[in-house]
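As provided, query-v8.txt (compact mmCIF, C-alpha atoms) reads as follows.
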```txt
# COMPACT_ATOMS: atom_id res chain seq x y z
CA MET A 2 38.87 -131.89 91.61
CA SER A 3 38.33 -132.47 95.30
CA ARG A 4 35.12 -131.61 97.04
CA GLY A 5 36.87 -128.95 99.10
CA ALA A 6 38.02 -127.06 96.05
CA ILE A 7 34.54 -127.24 94.53
CA ALA A 8 33.02 -125.89 97.73
CA LYS A 9 35.47 -122.98 97.79
CA GLY A 10 34.64 -122.12 94.19
CA ARG A 11 30.92 -122.03 94.86
CA ALA A 12 31.47 -119.85 97.89
CA ALA A 13 33.54 -117.41 95.83
CA ALA A 14 30.91 -117.27 93.08
CA GLY A 15 28.13 -116.59 95.58
CA ALA A 16 30.13 -113.79 97.11
CA ALA A 17 30.61 -112.20 93.68
CA VAL A 18 26.90 -112.38 92.90
CA ALA A 19 26.02 -110.81 96.22
CA LEU A 20 28.51 -108.04 95.64
CA ALA A 21 27.16 -107.37 92.15
CA LEU A 22 23.59 -107.14 93.42
CA ALA A 23 24.66 -104.78 96.14
CA CYS A 24 26.44 -102.48 93.60
CA GLY A 25 23.57 -102.56 91.04
CA CYS A 26 25.67 -103.93 88.20
CA THR A 27 24.96 -106.95 85.97
CA ALA A 28 27.11 -109.91 86.64
CA GLN A 29 29.20 -111.36 83.85
CA ALA A 30 28.86 -115.07 83.14
CA VAL A 31 31.81 -116.96 84.51
CA ASP A 32 32.67 -120.46 83.44
CA ARG A 33 33.28 -123.06 85.85
CA ALA A 34 36.98 -122.75 85.37
CA GLY A 35 36.73 -119.05 86.38
CA GLY A 36 37.68 -117.69 82.88
CA ASP A 37 35.75 -114.93 80.96
CA ASP A 38 33.27 -116.04 78.26
CA ARG A 39 34.33 -114.46 74.98
CA LYS A 40 30.75 -114.51 73.62
CA ALA A 41 28.68 -112.00 75.58
CA SER A 42 25.56 -113.48 77.08
CA PRO A 43 22.42 -111.40 77.55
CA PRO A 44 22.63 -109.39 80.79
CA ALA A 45 20.64 -110.70 83.67
CA ARG A 46 17.81 -108.38 84.76
CA ALA A 47 18.53 -106.97 88.12
CA GLU A 48 15.72 -107.04 90.56
CA ARG A 49 14.85 -103.81 92.31
CA ASP A 50 15.93 -103.61 95.84
CA ASP A 51 13.05 -102.01 97.72
CA SER A 52 14.90 -102.18 100.92
CA ARG A 53 16.43 -98.72 100.33
CA PRO A 54 14.16 -95.74 99.57
CA THR A 55 14.62 -93.88 96.28
CA PRO A 56 15.12 -90.16 96.87
CA ARG A 57 12.54 -88.02 94.94
CA SER A 58 14.32 -84.72 95.27
CA SER A 59 17.81 -83.44 95.57
CA PRO A 60 19.15 -83.88 99.10
CA THR A 61 20.71 -80.38 98.79
CA PRO A 62 18.26 -77.71 99.95
CA LYS A 63 17.44 -74.85 97.41
CA VAL A 64 18.90 -71.52 98.41
CA LYS A 65 17.40 -68.32 96.98
CA SER A 66 20.01 -66.40 95.05
CA PRO A 67 20.69 -62.94 96.44
CA VAL A 68 21.24 -61.57 92.88
CA SER A 69 18.85 -61.11 89.98
CA ARG A 70 18.79 -63.30 86.89
CA ALA A 71 20.35 -60.57 84.84
CA GLU A 72 23.44 -60.69 87.11
CA LEU A 73 23.83 -64.45 86.84
CA PRO A 74 26.43 -65.76 84.43
CA GLN A 75 25.19 -67.10 81.11
CA SER A 76 24.64 -70.83 80.92
CA GLU A 77 27.38 -72.71 79.25
CA GLY A 78 26.89 -73.40 75.59
CA PRO A 79 28.37 -72.53 72.22
CA PRO A 80 29.53 -68.92 72.14
CA ALA A 81 27.26 -66.54 70.20
CA PRO A 82 28.74 -65.49 66.88
CA ARG A 83 30.24 -62.06 66.98
CA SER A 84 28.95 -59.58 64.44
CA ALA A 85 31.46 -57.92 62.22
CA PRO A 86 32.49 -54.54 63.53
CA SER A 87 30.60 -51.81 61.69
CA GLU A 88 32.62 -49.36 59.67
CA PRO A 89 32.85 -45.91 61.18
CA THR A 90 30.39 -43.55 59.50
CA GLU A 91 30.81 -39.84 59.07
CA PRO A 92 28.30 -37.66 60.87
CA PRO A 93 25.55 -36.38 58.53
CA GLU A 94 26.16 -33.00 57.05
CA PRO A 95 23.92 -30.35 58.52
CA ALA A 96 21.19 -29.09 56.18
CA PRO A 97 22.10 -25.78 54.57
CA ALA A 98 20.57 -22.88 56.33
CA ARG A 99 17.53 -21.60 54.46
CA PRO A 100 18.07 -17.98 53.49
CA ARG A 101 15.73 -15.62 55.18
CA ALA A 102 13.17 -13.98 52.95
CA THR A 103 14.20 -10.43 52.46
CA GLN A 104 11.73 -7.69 51.82
CA PRO A 105 12.14 -6.03 48.40
CA PRO A 106 13.56 -2.57 48.60
CA PRO A 107 10.95 0.16 48.59
CA PRO A 108 10.38 1.82 45.21
CA PRO A 109 12.12 5.13 44.65
CA PRO A 110 9.98 8.16 45.26
CA PRO A 111 8.20 9.42 42.16
CA GLY A 112 9.47 12.46 40.35
CA PRO A 113 7.51 15.50 39.29
CA VAL A 114 4.18 14.59 37.69
CA LEU A 115 3.95 15.20 33.95
CA MET A 116 0.47 13.77 33.22
CA GLU A 117 -2.49 12.69 35.30
CA GLN A 118 -6.20 12.01 34.94
CA GLY A 119 -8.07 14.75 33.16
CA LYS A 120 -5.17 15.86 30.97
CA LYS A 121 -5.62 15.91 27.17
CA GLY A 122 -3.31 16.43 24.23
CA THR A 123 -0.74 14.93 21.93
CA MET A 124 1.59 13.96 24.80
CA VAL A 125 -1.17 11.83 26.33
CA ARG A 126 -1.72 10.22 22.93
CA GLU A 127 1.99 9.40 22.72
CA LEU A 128 1.89 7.92 26.23
CA GLN A 129 -1.01 5.69 25.22
CA ALA A 130 0.72 4.65 21.99
CA ARG A 131 3.91 3.69 23.82
CA LEU A 132 1.96 1.73 26.44
CA ARG A 133 0.15 0.04 23.56
CA GLN A 134 3.51 -1.14 22.16
CA LEU A 135 4.11 -2.98 25.46
CA ASP A 136 0.52 -4.34 25.54
CA TRP A 137 -0.42 -2.35 28.62
CA PHE A 138 -2.88 -0.07 26.83
CA ARG A 139 -5.17 -2.17 24.61
CA GLN A 140 -7.33 0.56 23.12
CA TYR A 141 -6.70 3.06 20.38
CA PRO A 142 -5.02 6.22 21.64
CA THR A 143 -7.57 8.91 22.36
CA GLY A 144 -5.47 11.75 23.72
CA THR A 145 -7.49 11.80 26.95
CA TYR A 146 -5.96 10.66 30.27
CA GLY A 147 -8.83 8.69 31.83
CA PRO A 148 -9.21 5.73 34.26
CA VAL A 149 -8.11 3.20 31.61
CA THR A 150 -4.88 5.10 30.99
CA ALA A 151 -4.25 5.48 34.74
CA ALA A 152 -4.71 1.73 35.27
CA ALA A 153 -2.27 0.98 32.42
CA VAL A 154 0.33 3.34 33.90
CA ALA A 155 -0.08 1.80 37.37
CA GLY A 156 0.44 -1.70 35.95
CA PHE A 157 3.59 -0.60 34.13
CA GLN A 158 4.92 1.05 37.30
CA ALA A 159 4.31 -2.03 39.46
CA LYS A 160 6.04 -4.28 36.92
CA ARG A 161 9.13 -2.06 36.83
CA GLY A 162 9.45 -1.47 40.58
CA LEU A 163 8.28 2.12 40.45
CA ALA A 164 5.86 3.84 42.77
CA ARG A 165 2.40 2.63 41.72
CA THR A 166 0.54 5.92 41.51
CA GLY A 167 -1.18 5.79 38.13
CA GLU A 168 0.27 9.22 37.40
CA THR A 169 3.01 9.65 34.82
CA ASP A 170 5.96 11.21 36.64
CA THR A 171 9.42 11.84 35.22
CA ARG A 172 10.79 8.44 36.39
CA THR A 173 7.93 6.58 34.75
CA TRP A 174 8.14 8.57 31.54
CA ASN A 175 11.91 8.15 31.15
CA ARG A 176 11.64 4.40 31.78
CA LEU A 177 8.89 4.15 29.17
CA LEU A 178 10.96 6.10 26.64
CA ARG A 179 13.89 3.69 27.05
CA MET A 180 11.69 0.63 26.50
CA THR A 181 9.73 1.83 23.45
CA ARG A 182 10.27 3.48 20.10
CA GLU A 183 8.79 6.70 18.81
CA PRO A 184 5.27 5.91 17.55
CA SER A 185 4.38 6.67 13.97
CA ARG A 186 1.47 8.89 12.95
CA TYR A 187 -0.64 5.82 12.25
CA GLU A 188 0.15 4.41 15.72
CA LEU A 189 -0.81 7.72 17.29
CA TYR A 190 -4.03 7.88 15.29
CA PRO A 191 -4.95 4.30 14.36
CA ASP A 192 -8.66 5.08 14.57
CA GLY A 193 -8.56 8.55 13.10
CA GLY A 194 -8.51 11.98 14.64
CA MET A 195 -5.16 12.78 13.03
CA PRO A 196 -4.42 16.48 12.64
CA PRO A 197 -4.67 17.55 9.01
CA ALA A 198 -1.47 17.63 7.03
CA GLU A 199 -0.07 20.76 5.57
CA PRO A 200 -2.44 21.70 2.72
CA ASP A 201 -1.27 21.21 -0.82
CA ARG A 202 -0.56 24.50 -2.57
CA ARG A 203 -3.46 23.77 -4.94
CA CYS A 204 -5.79 23.97 -1.92
CA LEU A 205 -4.90 27.56 -1.04
CA THR A 206 -7.19 29.24 -3.56
CA GLY A 207 -10.89 28.90 -4.32
CA ARG A 208 -13.36 26.31 -2.97
CA VAL A 209 -11.55 23.03 -2.50
CA LEU A 210 -12.10 19.61 -0.90
CA CYS A 211 -8.46 19.15 0.26
CA ILE A 212 -7.86 15.43 0.91
CA SER A 213 -4.57 14.11 2.36
CA LYS A 214 -3.80 10.39 2.20
CA GLU A 215 -1.00 10.75 4.77
CA SER A 216 -3.13 12.25 7.50
CA ARG A 217 -6.34 10.55 6.26
CA THR A 218 -8.26 13.78 6.50
CA LEU A 219 -10.59 15.84 4.34
CA THR A 220 -10.47 19.62 4.92
CA TRP A 221 -13.05 21.91 3.38
CA MET A 222 -11.18 25.08 2.43
CA VAL A 223 -12.43 28.34 0.98
CA ASP A 224 -9.80 30.85 -0.19
CA GLY A 225 -7.05 29.21 1.89
CA LYS A 226 -9.11 29.01 5.11
CA ALA A 227 -9.97 25.63 6.69
CA LEU A 228 -13.67 25.53 7.61
CA SER A 229 -14.02 21.89 8.72
CA THR A 230 -11.98 18.68 8.90
CA MET A 231 -13.14 15.05 9.10
CA ASP A 232 -11.64 11.54 8.99
CA VAL A 233 -11.65 9.65 5.70
CA ARG A 234 -10.48 6.30 4.35
CA PHE A 235 -9.57 5.23 0.84
CA GLY A 236 -9.67 2.30 -1.52
CA SER A 237 -7.61 -0.87 -1.12
CA GLU A 238 -4.49 -1.69 -3.11
CA TYR A 239 -6.70 -3.48 -5.65
CA THR A 240 -9.14 -0.56 -6.01
CA PRO A 241 -7.03 2.50 -5.14
CA THR A 242 -8.37 6.01 -4.88
CA ARG A 243 -7.06 8.19 -7.69
CA GLU A 244 -4.74 11.08 -6.86
CA GLY A 245 -4.71 14.49 -8.54
CA GLU A 246 -6.97 17.49 -9.08
CA PHE A 247 -10.62 16.96 -10.02
CA ARG A 248 -13.99 18.75 -9.96
CA VAL A 249 -17.34 17.76 -8.49
CA PHE A 250 -19.60 16.95 -11.45
CA TRP A 251 -22.59 15.32 -9.76
CA LYS A 252 -24.23 15.24 -6.32
CA SER A 253 -26.65 12.47 -5.25
CA ARG A 254 -28.20 12.60 -1.78
CA HIS A 255 -29.62 9.05 -1.63
CA HIS A 256 -27.35 7.32 -4.09
CA VAL A 257 -27.02 3.50 -4.29
CA SER A 258 -24.12 1.89 -6.17
CA THR A 259 -25.27 0.11 -9.32
CA LEU A 260 -21.99 -1.86 -9.38
CA TYR A 261 -21.86 -3.08 -5.76
CA ASP A 262 -25.52 -2.51 -4.77
CA THR A 263 -24.50 -0.61 -1.62
CA PRO A 264 -25.86 2.74 -0.38
CA MET A 265 -23.69 5.85 -0.94
CA PRO A 266 -25.56 8.70 0.80
CA TYR A 267 -24.38 12.28 0.31
CA ALA A 268 -22.36 11.22 -2.73
CA MET A 269 -20.29 13.89 -4.51
CA PHE A 270 -18.74 12.36 -7.64
CA PHE A 271 -15.40 13.72 -8.86
CA SER A 272 -13.82 10.99 -11.12
CA GLY A 273 -15.89 8.38 -12.92
CA GLY A 274 -17.57 6.19 -10.28
CA GLN A 275 -15.42 7.55 -7.43
CA ALA A 276 -17.08 9.94 -5.04
CA VAL A 277 -16.87 11.42 -1.58
CA HIS A 278 -19.74 9.91 0.48
CA TYR A 279 -20.84 8.70 3.91
CA SER A 280 -19.99 5.06 4.79
CA SER A 281 -21.82 3.19 7.54
CA ASP A 282 -19.16 0.46 7.28
CA PHE A 283 -16.44 3.01 8.03
CA ALA A 284 -18.46 4.27 10.99
CA ALA A 285 -18.77 0.69 12.34
CA ARG A 286 -15.39 -0.88 11.47
CA GLY A 287 -13.03 2.07 11.24
CA TYR A 288 -9.82 1.53 9.34
CA GLY A 289 -10.24 -2.25 9.46
CA GLY A 290 -11.91 -2.01 6.04
CA ALA A 291 -11.48 -0.10 2.79
CA SER A 292 -13.55 1.32 0.00
CA HIS A 293 -13.70 0.35 -3.68
CA GLY A 294 -11.96 3.60 -4.60
CA CYS A 295 -14.28 6.19 -3.09
CA VAL A 296 -13.39 8.59 -0.29
CA ASN A 297 -15.38 7.32 2.72
CA VAL A 298 -16.50 9.66 5.50
CA ARG A 299 -17.76 8.28 8.85
CA ASP A 300 -19.12 11.51 10.35
CA GLU A 301 -22.68 11.51 9.04
CA LYS A 302 -23.62 14.90 10.45
CA GLY A 303 -20.41 16.44 9.18
CA ILE A 304 -20.83 15.21 5.62
CA ALA A 305 -24.50 16.15 5.61
CA GLN A 306 -23.47 19.75 6.35
CA LEU A 307 -20.65 19.55 3.81
CA PHE A 308 -23.04 18.20 1.16
CA ARG A 309 -25.16 21.34 1.52
CA GLN A 310 -22.12 23.66 1.10
CA VAL A 311 -20.36 22.03 -1.84
CA ARG A 312 -21.50 23.01 -5.34
CA ASP A 313 -20.97 21.41 -8.70
CA GLY A 314 -17.68 22.61 -10.17
CA ASP A 315 -15.87 22.89 -6.81
CA ARG A 316 -12.40 21.42 -6.94
CA VAL A 317 -11.21 18.17 -5.30
CA VAL A 318 -7.46 17.78 -4.60
CA ILE A 319 -6.18 14.34 -3.44
CA TYR A 320 -2.46 14.08 -2.52
CA ARG A 321 -0.02 12.16 -0.37
```

Kindly transcribe the structure held in the file into structure tokens.
Amino acid sequence: MSRGAIAKGRAAAGAAVALALACGCTAQAVDRAGGDDRKASPPARAERDDSRPTPRSSPTPKVKSPVSRAELPQSEGPPAPRSAPSEPTEPPEPAPARPRATQPPPPPPPGPVLMEQGKKGTMVRELQARLRQLDWFRQYPTGTYGPVTAAAVAGFQAKRGLARTGETDTRTWNRLLRMTREPSRYELYPDGGMPPAEPDRRCLTGRVLCISKESRTLTWMVDGKALSTMDVRFGSEYTPTREGEFRVFWKSRHHVSTLYDTPMPYAMFFSGGQAVHYSSDFAARGYGGASHGCVNVRDEKGIAQLFRQVRDGDRVVIYR
């Protein structure tokens, strides 16, 4: 190759290097023949050109946006996933209207008064017995309309929606009749006080202790006339009191049973070991107990007077 050609080649290579440095790129190695080197050589480190100043901030001046950040468009990026559309829901059913509390109707006016406090008699006893069937009256019927009876009637009236007066009017009485049954003699007189039964025909003559098991009474009769009546009780089913006509054969004022070792004051014996006598157990327990076959009397004063009147040989009639 001639010297002129070599000189031209060097000039061309220098111009390329200068151009590469000016553009900031790394120059590729070029062979002497001007062809590209297939095997890449390590890039030559470009020296920093301090001749030109490096800008530290953007040459474009910042302009304050006239709108708020909320009005600016969202920055570009992957779109946010859309939520699945919610199914339409029915509006909630309104709560049912609570019914207004209604005042109970006033009780009907009471009817004419049949019984009130202070009244006595068999009708009062029946009232008490019927109230006792419904567990309003918890005592034995007495036949006297007192505060306990009035309180029982008032409770029954309030329970049945009647005027709560404590007096037994026609409305109260009719309602009570429909709810109860007719009381028996023993319900009317569970603790005694029963009227004497019709006297047996054997009691209508002479001096007789007339004793009725049905009415549980002893009536002292002289020539068909009743002089006194008192409550009595009899023996149990295992030691029953004998029935029939007997005579008093022995009187013992302070007698004590040799069989049961119990006192039998004012005893008037009429059949074997059976006698009419006072019983403190009857006075204390009433008809909750029974005798061993004797006729028990609980009125001590009454039998003391009777003991003085009765004589040996007087008749004793015991019947149903």

Report task. Return the single residue from A:Arg248, A:Arg182, A:Lys121, A:Arg176 that is closest to Gly314 in chain A, with distances computed using only C-alpha atoms. Result -> A:Arg248

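Nearest to Asn175 in chain A of all the residues A:Leu135, A:Leu128, A:Ile319, A:Leu189 is A:Leu128, counting all atoms listed in the file.
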
Report task. Just the residues within 8 Å of Val233 in chain A, please, counting only C-alpha atoms, with nothing from its chain fewer than 5 positions along; format it as a PyMOL selection string. Result -> chain A and resi 217-219+296-299

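Note that the spacing between CA of Pro148 in chain A and CA of Pro105 in chain A amounts to 28.2 Å.
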
**Report entry** Computed interatomic separation between CA of Val149 in chain A and CA of Ala291 in chain A (Å)
**Finding:**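 Atom-to-atom, CA of Val149 in chain A and CA of Ala291 in chain A are spaced 29.2 Å apart.
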
Query - Length of the CA of His255 in chain A to CA of Thr230 in chain A vector [Å] - result: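 Separation between CA of His255 in chain A and CA of Thr230 in chain A: 22.7 Å.
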
Query - Top pick for closest residue to Phe157 in chain A, considering A:Ser280, A:Thr143, A:Gln275, A:Thr173 and counting all atoms listed in the file - result: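 Going through A:Ser280, A:Thr143, A:Gln275, A:Thr173 one by one, the smallest distance to Phe157 in chain A is for A:Thr173.
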
Query raised in the report: Which of these, A:Ala268, A:Gln104, A:Ala152, A:Arg133, has the shortest distance to Glu117 in chain A once you count all atoms listed in the file?
Result: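 Among the listed residues, A:Ala152 lies closest to Glu117 in chain A.
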
Query - Closest of A:Lys302, A:Arg286, A:His256, A:His293 to Met231 in chain A - atom-to-atom distances counting only C-alpha atoms - result: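 Selected residue with least distance to Met231 in chain A: A:Lys302.
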
Query raised in the report: With all atoms listed in the file as the atoms that count, which of A:Asp282, A:Glu244, A:Asp262, A:Glu188 lies nearest to Ile212 in chain A?
Result: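 Closest to Ile212 in chain A of all the choices is A:Glu244.
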
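Once Gly144 in chain A and its same-chain neighbours fewer than 4 positions away are set aside, A:Lys120, A:Lys121, A:Gly122, A:Thr123, A:Met124, A:Val125, A:Arg126, A:Glu127, A:Leu128, A:Gln129, A:Ala130, A:Thr150, A:Leu189, A:Tyr190, A:Gly194 remain within 10 Å of it when counting all atoms listed in the file.
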
Edge lengths and centre, in Å to one decimal, as JSON: that's what I need for the box along x, y and z that holds all listed atoms of range 226-241 of chain A plus 8 Å on each side.
```
{"center_x": -9.3, "center_y": 12.8, "center_z": 1.5, "size_x": 25.5, "size_y": 48.5, "size_z": 31.1}
```

Could you add whatever atoms are missing so that range 157-168 of chain A carries all heavy atoms, then write the result as a short mmCIF file (atom, residue, chain, number, x, y, z; two decimals), keeping the file's coordinate frame?
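Final output, saved to part_7.cif:
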```cif
data_model
loop_
_atom_site.label_atom_id
_atom_site.label_comp_id
_atom_site.auth_asym_id
_atom_site.auth_seq_id
_atom_site.Cartn_x
_atom_site.Cartn_y
_atom_site.Cartn_z
N PHE A 157 2.21 -0.74 34.60
CA PHE A 157 3.59 -0.60 34.13
C PHE A 157 4.51 -0.24 35.28
O PHE A 157 5.63 -0.77 35.40
CB PHE A 157 3.63 0.48 33.03
CG PHE A 157 5.02 0.83 32.59
CD1 PHE A 157 5.69 0.02 31.69
CD2 PHE A 157 5.67 1.96 33.07
CE1 PHE A 157 6.99 0.34 31.27
CE2 PHE A 157 6.95 2.28 32.67
CZ PHE A 157 7.61 1.46 31.77
N GLN A 158 4.09 0.65 36.16
CA GLN A 158 4.92 1.05 37.30
C GLN A 158 5.17 -0.12 38.24
O GLN A 158 6.31 -0.34 38.70
CB GLN A 158 4.24 2.20 38.04
CG GLN A 158 4.20 3.51 37.27
CD GLN A 158 3.32 4.55 37.94
OE1 GLN A 158 2.35 4.21 38.62
NE2 GLN A 158 3.64 5.83 37.74
N ALA A 159 4.14 -0.89 38.55
CA ALA A 159 4.31 -2.03 39.46
C ALA A 159 5.25 -3.07 38.87
O ALA A 159 6.05 -3.67 39.59
CB ALA A 159 2.95 -2.65 39.77
N LYS A 160 5.16 -3.29 37.58
CA LYS A 160 6.04 -4.28 36.92
C LYS A 160 7.49 -3.85 36.95
O LYS A 160 8.40 -4.68 37.05
CB LYS A 160 5.57 -4.47 35.47
CG LYS A 160 6.36 -5.48 34.67
CD LYS A 160 6.09 -6.89 35.12
CE LYS A 160 6.76 -7.89 34.20
NZ LYS A 160 6.52 -9.29 34.66
N ARG A 161 7.76 -2.57 36.91
CA ARG A 161 9.13 -2.06 36.83
C ARG A 161 9.67 -1.59 38.17
O ARG A 161 10.75 -1.01 38.24
CB ARG A 161 9.20 -0.90 35.83
CG ARG A 161 8.62 -1.23 34.47
CD ARG A 161 9.31 -2.41 33.84
NE ARG A 161 8.53 -2.94 32.71
CZ ARG A 161 8.81 -4.06 32.07
NH1 ARG A 161 9.84 -4.76 32.44
NH2 ARG A 161 8.07 -4.47 31.07
N GLY A 162 8.95 -1.84 39.26
CA GLY A 162 9.45 -1.47 40.58
C GLY A 162 9.38 0.01 40.86
O GLY A 162 10.16 0.52 41.69
N LEU A 163 8.46 0.69 40.21
CA LEU A 163 8.28 2.12 40.45
C LEU A 163 7.09 2.34 41.37
O LEU A 163 6.28 1.44 41.59
CB LEU A 163 8.06 2.86 39.12
CG LEU A 163 9.18 2.71 38.07
CD1 LEU A 163 8.75 3.31 36.75
CD2 LEU A 163 10.47 3.35 38.56
N ALA A 164 6.99 3.51 41.90
CA ALA A 164 5.86 3.84 42.77
C ALA A 164 4.57 3.74 41.97
O ALA A 164 4.42 4.39 40.92
CB ALA A 164 6.04 5.24 43.35
N ARG A 165 3.64 2.92 42.46
CA ARG A 165 2.40 2.63 41.72
C ARG A 165 1.36 3.70 42.04
O ARG A 165 0.53 3.55 42.92
CB ARG A 165 1.89 1.24 42.12
CG ARG A 165 0.82 0.67 41.21
CD ARG A 165 0.48 -0.75 41.64
NE ARG A 165 -0.42 -1.40 40.71
CZ ARG A 165 -1.74 -1.30 40.74
NH1 ARG A 165 -2.31 -0.59 41.71
NH2 ARG A 165 -2.49 -1.93 39.85
N THR A 166 1.43 4.78 41.27
CA THR A 166 0.54 5.92 41.51
C THR A 166 -0.52 6.08 40.43
O THR A 166 -1.55 6.69 40.68
CB THR A 166 1.36 7.22 41.60
OG1 THR A 166 2.01 7.44 40.33
CG2 THR A 166 2.41 7.13 42.71
N GLY A 167 -0.26 5.55 39.24
CA GLY A 167 -1.18 5.79 38.13
C GLY A 167 -0.96 7.12 37.45
O GLY A 167 -1.58 7.41 36.41
N GLU A 168 -0.10 7.94 38.00
CA GLU A 168 0.27 9.22 37.40
C GLU A 168 1.61 9.06 36.68
O GLU A 168 2.50 8.34 37.16
CB GLU A 168 0.36 10.31 38.46
CG GLU A 168 -0.93 10.54 39.22
CD GLU A 168 -0.75 11.52 40.36
OE1 GLU A 168 0.43 11.76 40.74
OE2 GLU A 168 -1.75 12.02 40.88
#
```
